[in-house]
Structure formats: C-alpha cells, structure tokens
Amino acid sequence: MDSQLSIEALPEGAPKSKRDYFALSTEQGLPKRCPILQRCERRTFTIKVSRYNDGEHYVLPNEPQSPVVKMVEEATLAGGSNNFYVNHMCPEVALFDPSNSFPYMSGFPMTSAEYDKYWSPQYRLLDTGHFSECSEYIGTINDSHGLQEPPPTPPVAGIQPVSGFNGANVGRDLIVHLGGHPTSLEKASTWGRWLSNGSAIATIMALVVGLAVWLYGDSILK
C-alpha cells in the first residue's frame, strides 16, 4: 500500500481487492463484473470526476451506451485543488480502470474518499463497495424481473376452493356447502335460484293474505 493512502477509516469487512470483490460476486451467484457498466451514468460521472481532478488533462469521458441507466442516488464531489471529498462513486472505476482512478486509489473498489494536501498521508479511503449494492443495478434487475405477484387471496373460512375459484373471488356465484360438501358452481347457482324463487313466492303469498285481512277482516273474524 502506498504511503500516501490511509485505509484506517474503512468499515470492517469492506472489500479491499479484486479477490474480495470477486468473492462477493461468487457468494451472491452474480457475474464477476457489473453487467450494466457500459450503460451506467454513475460510471461515466466517476470517470468525469477523476479526470476533472487532473486539471489541465481534463477530457470528457464517452457517454454511456444505450439504453442508458440513469444515476439514481446523487454522487458527490466537493472541494478543489487543495482538498476534496467524493462519495457514491462507481467501485469498478478505481478497481479495474486505473487510468481513470484517483491517485493512489487504483486497485480498491473505492466509493468514498477524501484528500487534503496538508495531511500525511494525503489520501484517505473511506468506503468501498460492490455493484450489487448499487441503486442502478438493483433498479435494472427489478425492472427486468417485474414486480412479484401478490400472494393468492385465501379462501373465506369454511369455503373450499372449487374448479380454481375460492370464496373470496367467486362473487355472485359464491360456493355454498350442502351437507358439509362443497357443490359445483352450477349446482350452487341452481340452489340459489330455487331459494330465490321460494322467497319470492312466500313474499307474494304474505302480501295476498295481508290484503285479504285488510279488506275482509271483519267478516273473517265473524
């Protein structure tokens, strides 16, 4: 490690090398390198920030390839020639692209660092990362997989599913139980019609009896 770089501020377990980086990919069953690297705005921004730090040698990097993956979380460059702070950088730039890396950061999957010309050492590596943690990668994976289907609605208590339906989604043809055994939709509808017709007949009979009592109540009582 160069004497101009301090890694004492790194969190415990943070990846520090290509070996660590590849191990994280293997553990998660992912490609060794970020699959959207050439399309990602964060990579382009990271290169731009690093080249800007070179001053007179500053050259704009190539634009990301289409379809471009937009940067989600804001990346940061604060400071000037005497000191600066960077955060949310693409970890693959410093790790795999030393010509576009900050001085003394190449070989590390750097995401956050700071510099001050009056410090000793002048550069401090604050954090490293892996592409699986990146908002752009996560968003791309979610888009390609689509949202997960919601779990099926559980049947209404006491009603068993019939022919792929259940009591929660059958609606007007809600399954009924006869003798403790669910019937088919067709039989349930038939019973429903019989019950509905019987109720209508009973209502008409009640109205007829009531009308007769009202018209001929006295003679009936006599």
# chains A, B, ... in the order shown; residues from 1 in each chain; ligands from 1

call {"tool": "residues_around", "arguments": {"residues": "Ile138 of chain A", "least_positions_apart": "2", "cutoff": "12 Å", "atoms": "only C-alpha atoms", "output": "list in words"}}
result
Cys34, Pro35, Ile36, Val69, Met71, Val72, Glu73, His130, Phe131, Ser132, Glu133, Cys134, Ser135, Glu136, Thr140, Ile141, Asn142, Asp143, Ser144, His145 and Gly146 of chain A

call {"tool": "closest_atom_pairs", "arguments": {"of": "segment 29-67 of chain A", "to": "segment 94-113 of chain A", "cutoff": "10 Å", "atoms": "only C-alpha atoms", "output": "tab-separated table"}}
result
residue	atom	partner	partner_atom	distance
A:Arg33	CA	A:Phe96	CA	9.6
A:Thr46	CA	A:Asn100	CA	8.4
A:Ile47	CA	A:Asn100	CA	5.6
A:Lys48	CA	A:Asn100	CA	8.4
A:Val49	CA	A:Phe102	CA	8.8
A:Ser50	CA	A:Phe102	CA	5.5
A:Arg51	CA	A:Asn100	CA	6.6
A:Asn53	CA	A:Phe102	CA	7.8
A:Asp54	CA	A:Phe102	CA	8.8
A:Pro61	CA	A:Asn100	CA	9.5

call {"tool": "atom_distance", "arguments": {"atom1": "atom CA of Pro31 of chain A", "atom2": "atom CA of His88 of chain A"}}
result
21.2 Å

call {"tool": "closest_residue", "arguments": {"among": "A:Asp127, A:Leu207, A:Leu24, A:Phe84", "to": "Glu12 of chain A", "atoms": "only C-alpha atoms"}}
result
A:Asp127
